[in-house]
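Asks: Got query_14.cif for you, mmCIF, C-alpha atoms and all ligand atoms:
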```
data_upload
#
loop_
_atom_site.label_atom_id
_atom_site.label_comp_id
_atom_site.auth_asym_id
_atom_site.auth_seq_id
_atom_site.Cartn_x
_atom_site.Cartn_y
_atom_site.Cartn_z
CA MET A 1 -37.85 1.49 -69.43
CA SER A 2 -34.70 3.37 -70.51
CA LEU A 3 -34.86 7.06 -69.73
CA ASN A 4 -33.96 9.51 -72.49
CA THR A 5 -30.84 11.05 -71.01
CA ASP A 6 -30.44 13.85 -73.58
CA LYS A 7 -32.40 16.27 -71.38
CA PHE A 8 -30.32 15.34 -68.31
CA LEU A 9 -27.08 15.95 -70.25
CA GLU A 10 -28.33 19.29 -71.57
CA SER A 11 -29.22 20.51 -68.05
CA ALA A 12 -25.95 19.20 -66.60
CA LEU A 13 -23.90 20.95 -69.30
CA SER A 14 -25.68 24.22 -68.63
CA VAL A 15 -24.99 24.17 -64.89
CA ALA A 16 -21.41 22.90 -65.43
CA LYS A 17 -20.68 25.94 -67.59
CA GLN A 18 -22.10 28.27 -64.91
CA ALA A 19 -19.98 26.48 -62.31
CA GLY A 20 -16.95 26.86 -64.56
CA GLU A 21 -17.40 30.63 -64.62
CA LEU A 22 -17.53 30.64 -60.81
CA ILE A 23 -14.33 28.57 -60.56
CA ARG A 24 -12.50 30.70 -63.13
CA SER A 25 -13.50 33.87 -61.26
CA GLN A 26 -11.70 32.64 -58.14
CA PHE A 27 -8.82 30.76 -59.76
CA ASN A 28 -6.21 33.51 -59.47
CA ASN A 29 -7.44 34.72 -56.06
CA ARG A 30 -4.38 34.32 -53.83
CA ASN A 31 -6.54 34.72 -50.70
CA LYS A 32 -9.01 31.88 -51.16
CA THR A 33 -10.99 30.92 -48.04
CA ILE A 34 -9.64 27.45 -47.21
CA THR A 35 -10.48 24.91 -44.49
CA THR A 36 -8.96 21.48 -43.82
CA LYS A 37 -10.87 18.19 -43.64
CA GLU A 38 -9.18 14.87 -42.80
CA CYS A 39 -5.67 16.40 -42.56
CA ASP A 40 -3.58 19.50 -43.37
CA ILE A 41 -3.48 18.74 -47.12
CA ASP A 42 -7.11 17.59 -47.48
CA LEU A 43 -8.57 20.99 -48.32
CA VAL A 44 -11.90 22.56 -49.22
CA THR A 45 -12.50 26.15 -50.35
CA GLU A 46 -15.57 28.33 -50.28
CA THR A 47 -15.67 27.88 -54.06
CA ASP A 48 -15.95 24.07 -53.71
CA LYS A 49 -18.98 24.56 -51.48
CA ALA A 50 -20.53 27.29 -53.67
CA VAL A 51 -20.15 25.18 -56.83
CA GLU A 52 -21.76 22.13 -55.21
CA GLU A 53 -24.65 24.27 -53.92
CA LEU A 54 -25.13 25.80 -57.39
CA ILE A 55 -25.23 22.37 -59.06
CA ILE A 56 -27.59 20.77 -56.50
CA ASN A 57 -29.95 23.78 -56.40
CA SER A 58 -30.14 23.94 -60.18
CA LEU A 59 -30.64 20.21 -60.88
CA SER A 60 -32.99 19.57 -57.92
CA LYS A 61 -35.33 22.31 -59.18
CA GLU A 62 -35.45 20.67 -62.61
CA PHE A 63 -35.49 17.04 -61.37
CA PRO A 64 -37.10 17.06 -57.88
CA ASP A 65 -37.25 13.25 -57.64
CA HIS A 66 -33.51 12.85 -58.20
CA ARG A 67 -31.01 12.26 -55.41
CA PHE A 68 -27.57 13.83 -54.87
CA ILE A 69 -24.23 12.61 -53.55
CA GLY A 70 -21.75 15.48 -53.27
CA GLU A 71 -18.27 15.60 -51.80
CA GLU A 72 -18.94 18.67 -49.69
CA THR A 73 -22.45 17.75 -48.52
CA THR A 74 -21.48 14.20 -47.49
CA ALA A 75 -20.58 14.37 -43.83
CA ASP A 76 -17.12 13.01 -42.99
CA GLY A 77 -17.42 9.40 -41.99
CA LYS A 78 -20.98 9.08 -43.34
CA LYS A 79 -21.33 5.94 -45.47
CA VAL A 80 -22.46 6.75 -49.02
CA GLU A 81 -25.50 4.80 -50.28
CA LEU A 82 -26.19 4.44 -54.02
CA THR A 83 -29.75 3.34 -54.86
CA GLU A 84 -31.70 2.68 -58.10
CA VAL A 85 -33.11 6.22 -57.96
CA PRO A 86 -31.53 8.63 -60.51
CA THR A 87 -28.62 10.08 -58.52
CA TRP A 88 -26.21 12.89 -59.39
CA ILE A 89 -22.69 12.26 -58.05
CA ILE A 90 -20.74 15.50 -57.73
CA ASP A 91 -17.18 16.57 -57.09
CA PRO A 92 -17.48 20.36 -57.40
CA ILE A 93 -13.74 20.86 -57.75
CA ASP A 94 -11.73 17.71 -58.29
CA GLY A 95 -8.12 18.70 -57.72
CA THR A 96 -8.86 21.16 -54.94
CA LEU A 97 -5.21 21.33 -53.86
CA ASN A 98 -4.33 22.37 -57.45
CA PHE A 99 -7.08 25.02 -57.33
CA VAL A 100 -5.70 26.38 -54.02
CA HIS A 101 -2.29 26.77 -55.72
CA SER A 102 -3.76 28.22 -58.95
CA PHE A 103 -2.27 25.19 -60.73
CA PRO A 104 -4.64 24.85 -63.74
CA HIS A 105 -5.54 21.16 -63.45
CA SER A 106 -8.85 21.07 -61.60
CA CYS A 107 -12.29 20.17 -62.88
CA ILE A 108 -15.96 19.80 -62.13
CA SER A 109 -16.84 16.10 -62.09
CA LEU A 110 -20.56 15.41 -62.52
CA ALA A 111 -22.27 12.08 -63.28
CA LEU A 112 -25.85 10.83 -63.30
CA PHE A 113 -26.35 7.24 -62.16
CA ILE A 114 -29.62 5.44 -63.00
CA ASN A 115 -30.23 1.98 -61.49
CA LYS A 116 -26.73 2.20 -59.97
CA GLU A 117 -25.09 2.54 -63.41
CA PRO A 118 -23.53 5.70 -64.94
CA SER A 119 -25.72 7.18 -67.71
CA ILE A 120 -24.15 10.61 -68.34
CA ALA A 121 -20.81 12.15 -67.36
CA ILE A 122 -19.16 15.58 -67.48
CA VAL A 123 -15.56 16.39 -66.53
CA TYR A 124 -14.88 20.06 -67.19
CA ASN A 125 -11.62 21.96 -66.60
CA PRO A 126 -12.71 25.61 -67.03
CA MET A 127 -9.19 26.97 -66.73
CA LEU A 128 -8.05 25.17 -69.89
CA GLU A 129 -11.51 24.86 -71.53
CA GLN A 130 -11.26 21.05 -71.52
CA LEU A 131 -14.78 19.58 -71.71
CA PHE A 132 -15.03 15.79 -71.48
CA THR A 133 -18.52 14.27 -71.81
CA ALA A 134 -20.04 10.82 -72.18
CA GLN A 135 -23.52 9.34 -72.58
CA LYS A 136 -24.20 5.62 -72.07
CA GLY A 137 -24.45 3.87 -75.42
CA VAL A 138 -23.67 7.07 -77.35
CA GLY A 139 -19.93 7.57 -76.82
CA ALA A 140 -17.32 9.78 -75.17
CA PHE A 141 -16.29 13.23 -76.39
CA TYR A 142 -13.53 15.82 -75.86
CA ASN A 143 -14.72 19.33 -76.74
CA ASN A 144 -17.52 17.66 -78.73
CA LYS A 145 -15.12 15.51 -80.81
CA GLU A 146 -15.40 11.74 -80.28
CA MET A 147 -12.54 10.28 -78.26
CA LYS A 148 -11.21 6.73 -77.96
CA VAL A 149 -8.73 5.04 -75.63
CA SER A 150 -5.27 4.20 -76.98
CA GLY A 151 -5.96 0.45 -76.98
CA LYS A 152 -2.44 -0.21 -75.61
CA GLN A 153 -2.11 -3.76 -74.27
CA ASN A 154 1.47 -3.85 -72.97
CA LEU A 155 2.63 -2.29 -69.73
CA SER A 156 6.10 -1.70 -71.23
CA GLU A 157 4.52 0.71 -73.76
CA ALA A 158 2.09 2.37 -71.34
CA LEU A 159 1.92 5.81 -69.70
CA ILE A 160 0.45 5.22 -66.26
CA MET A 161 -1.43 7.88 -64.25
CA TYR A 162 -1.07 7.67 -60.46
CA GLU A 163 -1.58 9.92 -57.40
CA VAL A 164 0.29 10.43 -54.17
CA GLY A 165 -3.00 11.74 -52.75
CA THR A 166 -3.92 14.23 -50.06
CA PHE A 167 -3.64 11.91 -47.06
CA ARG A 168 -1.17 11.49 -44.22
CA ASN A 169 -1.42 7.69 -43.98
CA ALA A 170 1.91 5.89 -43.45
CA GLU A 171 0.75 2.54 -44.88
CA ARG A 172 -0.79 4.15 -47.97
CA LYS A 173 2.42 6.18 -48.51
CA LYS A 174 4.53 2.99 -48.26
CA VAL A 175 2.37 1.18 -50.85
CA THR A 176 2.31 4.23 -53.15
CA LEU A 177 6.11 4.58 -53.12
CA LYS A 178 6.50 0.82 -53.65
CA ASN A 179 4.23 0.95 -56.70
CA ILE A 180 6.10 3.95 -58.13
CA ASP A 181 9.39 2.11 -57.59
CA THR A 182 8.00 -0.98 -59.39
CA LEU A 183 6.42 0.87 -62.31
CA VAL A 184 9.27 3.27 -63.17
CA ASP A 185 11.30 0.22 -64.25
CA ILE A 186 8.62 -1.47 -66.39
CA ALA A 187 6.24 1.18 -67.80
CA HIS A 188 6.93 3.85 -70.44
CA GLY A 189 6.31 6.52 -67.82
CA LEU A 190 4.29 7.78 -64.85
CA ARG A 191 2.20 10.95 -64.70
CA SER A 192 -0.01 12.64 -62.10
CA THR A 193 -2.42 15.57 -62.62
CA GLY A 194 -3.63 15.83 -59.00
CA SER A 195 -7.19 15.01 -60.11
CA ALA A 196 -8.66 11.52 -60.37
CA ALA A 197 -11.25 12.73 -62.88
CA LEU A 198 -8.65 14.36 -65.14
CA ASN A 199 -6.44 11.28 -64.91
CA MET A 200 -9.40 9.18 -66.09
CA ALA A 201 -10.14 11.72 -68.82
CA MET A 202 -6.55 11.35 -70.08
CA VAL A 203 -7.07 7.57 -70.36
CA ALA A 204 -10.38 8.09 -72.20
CA LEU A 205 -8.66 10.57 -74.54
CA GLY A 206 -5.93 8.02 -75.35
CA ALA A 207 -3.32 10.44 -73.95
CA ALA A 208 -2.49 8.01 -71.14
CA ASP A 209 -3.08 4.27 -70.96
CA ALA A 210 -4.08 3.45 -67.39
CA TYR A 211 -4.72 5.02 -63.99
CA PHE A 212 -4.99 3.52 -60.52
CA GLU A 213 -5.45 4.91 -57.03
CA PHE A 214 -6.21 3.82 -53.48
CA GLY A 215 -8.13 6.25 -51.27
CA ILE A 216 -10.35 8.08 -53.76
CA HIS A 217 -14.11 8.49 -53.19
CA VAL A 218 -17.04 7.69 -55.45
CA TRP A 219 -17.42 11.37 -56.44
CA ASP A 220 -13.79 11.42 -57.75
CA ILE A 221 -14.40 8.54 -60.20
CA ALA A 222 -18.14 8.52 -61.00
CA ALA A 223 -17.86 10.61 -64.19
CA GLY A 224 -14.43 9.35 -65.23
CA GLU A 225 -15.72 5.78 -65.29
CA LEU A 226 -18.21 6.52 -68.09
CA LEU A 227 -15.68 8.60 -70.05
CA VAL A 228 -13.32 5.60 -70.09
CA THR A 229 -15.87 2.85 -70.79
CA GLU A 230 -17.66 4.82 -73.53
CA ALA A 231 -14.22 5.50 -75.09
CA GLY A 232 -13.61 1.75 -75.22
CA GLY A 233 -11.63 1.24 -72.02
CA VAL A 234 -12.21 -0.84 -68.91
CA ILE A 235 -12.69 -0.21 -65.18
CA MET A 236 -11.83 -2.73 -62.47
CA ASP A 237 -10.69 -3.08 -58.90
CA PRO A 238 -6.85 -2.67 -58.66
CA SER A 239 -6.71 -6.36 -57.63
CA GLY A 240 -8.13 -7.27 -61.07
CA GLY A 241 -11.65 -8.07 -59.85
CA PRO A 242 -14.86 -6.15 -60.55
CA ILE A 243 -15.06 -2.50 -59.49
CA ASP A 244 -16.75 -1.63 -56.20
CA ARG A 245 -17.41 2.10 -56.56
CA LEU A 246 -17.65 2.58 -52.80
CA SER A 247 -14.42 0.72 -51.95
CA ARG A 248 -12.16 3.79 -52.43
CA ARG A 249 -10.09 1.81 -54.97
CA VAL A 250 -9.99 2.15 -58.76
CA LEU A 251 -8.07 1.04 -61.87
CA VAL A 252 -8.98 2.07 -65.43
CA ALA A 253 -7.09 1.02 -68.55
CA SER A 254 -7.18 1.26 -72.34
CA SER A 255 -7.63 -2.52 -72.56
CA LYS A 256 -8.44 -5.48 -70.29
CA GLU A 257 -5.00 -6.95 -71.06
CA LEU A 258 -3.20 -3.81 -69.85
CA GLY A 259 -5.44 -3.56 -66.78
CA GLN A 260 -4.63 -7.12 -65.79
CA GLN A 261 -0.88 -6.67 -66.39
CA LEU A 262 -0.87 -3.52 -64.23
CA SER A 263 -2.98 -5.13 -61.52
CA ALA A 264 -0.57 -8.07 -61.30
CA LYS A 265 2.34 -5.69 -60.55
CA LEU A 266 0.59 -3.56 -57.91
CA SER A 267 1.03 -3.76 -54.17
CA GLN A 268 -2.47 -3.36 -52.77
CA PHE A 269 -3.92 -1.00 -50.14
CA TYR A 270 -7.43 -1.31 -48.71
CA PRO A 271 -8.77 1.99 -47.30
CA THR A 272 -11.67 1.71 -44.89
CA PRO A 273 -14.74 2.75 -46.94
CA VAL A 274 -15.44 5.86 -44.90
CA ASP A 275 -12.20 6.90 -43.25
C1 LIG A 301 -8.60 14.47 -55.12
C2 LIG A 301 -8.56 13.31 -56.09
C3 LIG A 301 -7.14 12.77 -56.24
C4 LIG A 301 -6.62 12.33 -54.89
C5 LIG A 301 -6.66 13.47 -53.91
C6 LIG A 301 -8.05 14.08 -53.78
P1 LIG A 301 -10.35 16.33 -54.41
O1 LIG A 301 -9.95 14.87 -55.00
O2 LIG A 301 -9.03 13.73 -57.34
O3 LIG A 301 -7.13 11.67 -57.12
O4 LIG A 301 -5.31 11.86 -55.04
O5 LIG A 301 -6.24 12.99 -52.66
O6 LIG A 301 -8.92 13.13 -53.20
O7 LIG A 301 -10.24 16.18 -52.93
O8 LIG A 301 -9.43 17.33 -54.96
O9 LIG A 301 -11.78 16.50 -54.83
#
```
What is this file in structure tokens?
Ligand code: LIP
Replies:
Amino acid sequence: MSLNTDKFLESALSVAKQAGELIRSQFNNRNKTITTKECDIDLVTETDKAVEELIINSLSKEFPDHRFIGEETTADGKKVELTEVPTWIIDPIDGTLNFVHSFPHSCISLALFINKEPSIAIVYNPMLEQLFTAQKGVGAFYNNKEMKVSGKQNLSEALIMYEVGTFRNAERKKVTLKNIDTLVDIAHGLRSTGSAALNMAMVALGAADAYFEFGIHVWDIAAGELLVTEAGGVIMDPSGGPIDRLSRRVLVASSKELGQQLSAKLSQFYPTPVD
């Protein structure tokens, strides 16, 4: 039986707007309370934690049988498990390092998975009032106007989103720099927002043509996946195979042809699922 997801989207939008006000209220605070996680550039602020708590408290009251996977309530090293139960996957502030620097490219990323598939998605940058939404089988929208991928099929004409990431891993750095070196000679250009979700939103909007990254987590990409696929794009593993949302690897593109061309040029990196 397919659930009517309108109610879920309505509730998610309401709490995302409240969360946006909270983020905006702290955005220009030069004395944010910051702690480090995996390394000195993997940061979390009190606002990240407060936003995640707001979202979980609000949605769990309304939907007590739902489950939650949140960046800040998933213990480091704990393996994430996605089941058939309706599950909200939350990154309270995607682009936390940007938020710490008051660099206005951060967003709330919120998705509802039902039977292990994305059904609704919200990516909301409250600093720039950029609201990206998607509903399975309905479409993808930017500030309530339908959006579509560019449809680009050739790497030589493509703007590629990438990330250096917030890790201090020598092997990952080597692969990242190798891929940048390869792509600067064959793509139209490379861009990086500092947020996986906003990178995926740019592909869904048709403003960029592909994005790939090694080392992200499921909460970084859960909403962006539905934005891209409902806008007509594709998601895959960077090797060209099917996506494994818990593998910490992702590639989205405006077309299957472009995704495969990009995949063929990439040097690969395989993060351990929970490191
Ligand atoms: C960020 C991702 C980004 C990645 C960063 C970080 P966060 O998420 O959106 O793609 O490169 O290392 O993981 O930590 O800001 O929620």
Asks: Neighbouring residues of A:Gly20 were defined as those with any atom within 7 Å, considering all atoms listed in the file; residues of the same chain fewer than 4 positions away were excluded. Please report them as number ranges by chain.
Replies: A: 16, 24, 126
Asks: Enumerate residues in contact with ligand LIG 301 (chain A): an atom-to-atom distance of at most 7 Å, counting all atoms listed in the file. Format the result as an mmCIF file with C-alpha atoms, in the coordinates of the input.
Replies:
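Wrote it out as out_33.cif, contents follow:
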```cif
data_model
loop_
_atom_site.group_PDB
_atom_site.id
_atom_site.type_symbol
_atom_site.label_atom_id
_atom_site.label_comp_id
_atom_site.auth_asym_id
_atom_site.auth_seq_id
_atom_site.Cartn_x
_atom_site.Cartn_y
_atom_site.Cartn_z
ATOM 1 C CA ASP A 42 -7.110 17.590 -47.480
ATOM 2 C CA LEU A 43 -8.570 20.990 -48.320
ATOM 3 C CA ASP A 91 -17.180 16.570 -57.090
ATOM 4 C CA ILE A 93 -13.740 20.860 -57.750
ATOM 5 C CA ASP A 94 -11.730 17.710 -58.290
ATOM 6 C CA GLY A 95 -8.120 18.700 -57.720
ATOM 7 C CA THR A 96 -8.860 21.160 -54.940
ATOM 8 C CA LEU A 97 -5.210 21.330 -53.860
ATOM 9 C CA GLU A 163 -1.580 9.920 -57.400
ATOM 10 C CA VAL A 164 0.290 10.430 -54.170
ATOM 11 C CA GLY A 165 -3.000 11.740 -52.750
ATOM 12 C CA THR A 166 -3.920 14.230 -50.060
ATOM 13 C CA PHE A 167 -3.640 11.910 -47.060
ATOM 14 C CA GLY A 194 -3.630 15.830 -59.000
ATOM 15 C CA SER A 195 -7.190 15.010 -60.110
ATOM 16 C CA ALA A 196 -8.660 11.520 -60.370
ATOM 17 C CA ALA A 197 -11.250 12.730 -62.880
ATOM 18 C CA GLU A 213 -5.450 4.910 -57.030
ATOM 19 C CA ILE A 216 -10.350 8.080 -53.760
ATOM 20 C CA HIS A 217 -14.110 8.490 -53.190
ATOM 21 C CA ASP A 220 -13.790 11.420 -57.750
#
```
Asks: Would you kindly return, as a PyMOL selection string, each protein, DNA or RNA residue with an atom no farther than 12 Å from any atom of A:Ile89, considering all atoms listed in the file and excluding same-chain residues fewer than 5 positions away?
Replies: chain A and resi 12+52+55-56+59+66-74+80-83+108-114+116-123+217-225+245
Asks: Identify which of the residues A:Leu9, A:Ala50, A:Val175, A:Met202 lies closest to A:Tyr270, counting only C-alpha atoms when measuring atom-to-atom distances.
Replies: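 Using only C-alpha atoms, the shortest distance to A:Tyr270 belongs to A:Val175.
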Asks: Rounded to one decimal place, report the atom CA of A:Ala231-atom CA of A:Gly151 distance in Å.
Replies: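 Separating atom CA of A:Ala231 from atom CA of A:Gly151 is a distance of 9.9 Å.
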Asks: Between A:Leu13, A:Asn4, A:Pro273, A:Val100, single out the one closest to A:Thr36, counting all atoms listed in the file.
Replies: A:Val100
Asks: Could you state the separation of atom CA of A:Pro92 and atom CA of A:Ser14 in Å, given to one decimal place?
Replies: 14.4 Å
Asks: A:Val184: which residues within 12 Å, counting only C-alpha atoms, same-chain residues fewer than 2 positions away excluded, as a list in words?
Replies: Leu155, Ser156, Glu157, Ala158, Leu159, Ile160, Met161, Tyr162, Leu177, Lys178, Asn179, Ile180, Asp181, Thr182, Ile186, Ala187, His188, Gly189, Leu190, Arg191 and Lys265 of chain A
Asks: What does the distance from atom CA of A:Lys152 to atom CA of A:Leu227 come to in Å, to one decimal?
Replies: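 That distance, rounded to one decimal, is 16.8 Å.
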Asks: A:Lys78, A:Gly240, A:Gly259, A:Gln268: which is nearest A:Glu171, counting all atoms listed in the file?
Replies: A:Gln268
Asks: Could you check the closest approach to A:Ala201 for each of A:Leu226, A:Leu128, A:Val44, A:Leu183 and tell me which residue wins, using only C-alpha atoms?
Replies: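 The closest residue to A:Ala201 is A:Leu226.
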Asks: From the set A:Val252, A:Ile23, A:Lys173, A:Ala204, which residue has the shortest atom-to-atom contact distance to A:Glu129, counting all atoms listed in the file?
Replies: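 For A:Glu129, the nearest of the given residues is A:Ile23.
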Asks: Using all atoms listed in the file, which of the listed residues (A:Ser25, A:Ser267, A:Thr5, A:Asn144) sits closest to A:Val51?
Replies: A:Ser25
Asks: Give the padded box for stretch 78-95 of chain A as JSON: axis-aligned, covering all atoms listed in the file, 6 Å on each side, centre and edge lengths in Å to one decimal.
Replies:
```
{"center_x": -20.6, "center_y": 11.8, "center_z": -51.9, "size_x": 37.0, "size_y": 30.2, "size_z": 29.2}
```
Asks: Any chance you could model N, CA and C atoms for stretch 9-32 of chain A and send them as a PDB file, in the coordinates of the input?
Replies:
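As written to disk, part.pdb reads:
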```
ATOM      1  N   LEU A   9     -28.403  15.463 -69.829  1.00  0.00           N
ATOM      2  CA  LEU A   9     -27.080  15.950 -70.250  1.00  0.00           C
ATOM      3  C   LEU A   9     -27.125  17.442 -70.557  1.00  0.00           C
ATOM      4  N   GLU A  10     -28.184  17.856 -71.216  1.00  0.00           N
ATOM      5  CA  GLU A  10     -28.330  19.290 -71.570  1.00  0.00           C
ATOM      6  C   GLU A  10     -28.347  20.160 -70.313  1.00  0.00           C
ATOM      7  N   SER A  11     -29.120  19.737 -69.315  1.00  0.00           N
ATOM      8  CA  SER A  11     -29.220  20.510 -68.050  1.00  0.00           C
ATOM      9  C   SER A  11     -27.892  20.480 -67.307  1.00  0.00           C
ATOM     10  N   ALA A  12     -27.235  19.331 -67.320  1.00  0.00           N
ATOM     11  CA  ALA A  12     -25.950  19.200 -66.600  1.00  0.00           C
ATOM     12  C   ALA A  12     -24.887  20.073 -67.256  1.00  0.00           C
ATOM     13  N   LEU A  13     -24.882  20.110 -68.588  1.00  0.00           N
ATOM     14  CA  LEU A  13     -23.900  20.950 -69.300  1.00  0.00           C
ATOM     15  C   LEU A  13     -24.111  22.427 -68.967  1.00  0.00           C
ATOM     16  N   SER A  14     -25.376  22.819 -68.910  1.00  0.00           N
ATOM     17  CA  SER A  14     -25.680  24.220 -68.630  1.00  0.00           C
ATOM     18  C   SER A  14     -25.170  24.635 -67.257  1.00  0.00           C
ATOM     19  N   VAL A  15     -25.424  23.801 -66.256  1.00  0.00           N
ATOM     20  CA  VAL A  15     -24.990  24.170 -64.890  1.00  0.00           C
ATOM     21  C   VAL A  15     -23.473  24.007 -64.747  1.00  0.00           C
ATOM     22  N   ALA A  16     -22.877  23.080 -65.496  1.00  0.00           N
ATOM     23  CA  ALA A  16     -21.410  22.900 -65.430  1.00  0.00           C
ATOM     24  C   ALA A  16     -20.710  24.142 -65.973  1.00  0.00           C
ATOM     25  N   LYS A  17     -21.270  24.719 -67.025  1.00  0.00           N
ATOM     26  CA  LYS A  17     -20.680  25.940 -67.590  1.00  0.00           C
ATOM     27  C   LYS A  17     -20.778  27.104 -66.602  1.00  0.00           C
ATOM     28  N   GLN A  18     -21.945  27.211 -65.939  1.00  0.00           N
ATOM     29  CA  GLN A  18     -22.100  28.270 -64.910  1.00  0.00           C
ATOM     30  C   GLN A  18     -21.096  28.058 -63.783  1.00  0.00           C
ATOM     31  N   ALA A  19     -20.933  26.810 -63.377  1.00  0.00           N
ATOM     32  CA  ALA A  19     -19.980  26.480 -62.310  1.00  0.00           C
ATOM     33  C   ALA A  19     -18.556  26.797 -62.752  1.00  0.00           C
ATOM     34  N   GLY A  20     -18.289  26.557 -64.033  1.00  0.00           N
ATOM     35  CA  GLY A  20     -16.950  26.860 -64.560  1.00  0.00           C
ATOM     36  C   GLY A  20     -16.622  28.332 -64.475  1.00  0.00           C
ATOM     37  N   GLU A  21     -17.620  29.174 -64.741  1.00  0.00           N
ATOM     38  CA  GLU A  21     -17.400  30.630 -64.620  1.00  0.00           C
ATOM     39  C   GLU A  21     -17.073  31.010 -63.175  1.00  0.00           C
ATOM     40  N   LEU A  22     -17.770  30.369 -62.241  1.00  0.00           N
ATOM     41  CA  LEU A  22     -17.530  30.640 -60.810  1.00  0.00           C
ATOM     42  C   LEU A  22     -16.104  30.225 -60.419  1.00  0.00           C
ATOM     43  N   ILE A  23     -15.686  29.052 -60.886  1.00  0.00           N
ATOM     44  CA  ILE A  23     -14.330  28.570 -60.560  1.00  0.00           C
ATOM     45  C   ILE A  23     -13.273  29.488 -61.187  1.00  0.00           C
ATOM     46  N   ARG A  24     -13.487  29.826 -62.452  1.00  0.00           N
ATOM     47  CA  ARG A  24     -12.500  30.700 -63.130  1.00  0.00           C
ATOM     48  C   ARG A  24     -12.380  32.043 -62.425  1.00  0.00           C
ATOM     49  N   SER A  25     -13.507  32.544 -61.907  1.00  0.00           N
ATOM     50  CA  SER A  25     -13.500  33.870 -61.260  1.00  0.00           C
ATOM     51  C   SER A  25     -12.645  33.890 -60.002  1.00  0.00           C
ATOM     52  N   GLN A  26     -12.480  32.718 -59.380  1.00  0.00           N
ATOM     53  CA  GLN A  26     -11.700  32.640 -58.140  1.00  0.00           C
ATOM     54  C   GLN A  26     -10.312  32.051 -58.351  1.00  0.00           C
ATOM     55  N   PHE A  27     -10.028  31.564 -59.541  1.00  0.00           N
ATOM     56  CA  PHE A  27      -8.820  30.760 -59.760  1.00  0.00           C
ATOM     57  C   PHE A  27      -7.544  31.500 -59.375  1.00  0.00           C
ATOM     58  N   ASN A  28      -7.453  32.771 -59.754  1.00  0.00           N
ATOM     59  CA  ASN A  28      -6.210  33.510 -59.470  1.00  0.00           C
ATOM     60  C   ASN A  28      -6.261  34.273 -58.142  1.00  0.00           C
ATOM     61  N   ASN A  29      -7.335  34.070 -57.377  1.00  0.00           N
ATOM     62  CA  ASN A  29      -7.440  34.720 -56.060  1.00  0.00           C
ATOM     63  C   ASN A  29      -6.412  34.085 -55.108  1.00  0.00           C
ATOM     64  N   ARG A  30      -5.437  34.868 -54.700  1.00  0.00           N
ATOM     65  CA  ARG A  30      -4.380  34.320 -53.830  1.00  0.00           C
ATOM     66  C   ARG A  30      -4.838  34.253 -52.372  1.00  0.00           C
ATOM     67  N   ASN A  31      -6.050  34.754 -52.091  1.00  0.00           N
ATOM     68  CA  ASN A  31      -6.540  34.720 -50.700  1.00  0.00           C
ATOM     69  C   ASN A  31      -7.825  33.900 -50.610  1.00  0.00           C
ATOM     70  N   LYS A  32      -7.820  32.732 -51.197  1.00  0.00           N
ATOM     71  CA  LYS A  32      -9.010  31.880 -51.160  1.00  0.00           C
ATOM     72  C   LYS A  32      -9.311  31.486 -49.704  1.00  0.00           C
TER      73      LYS A  32
END
```
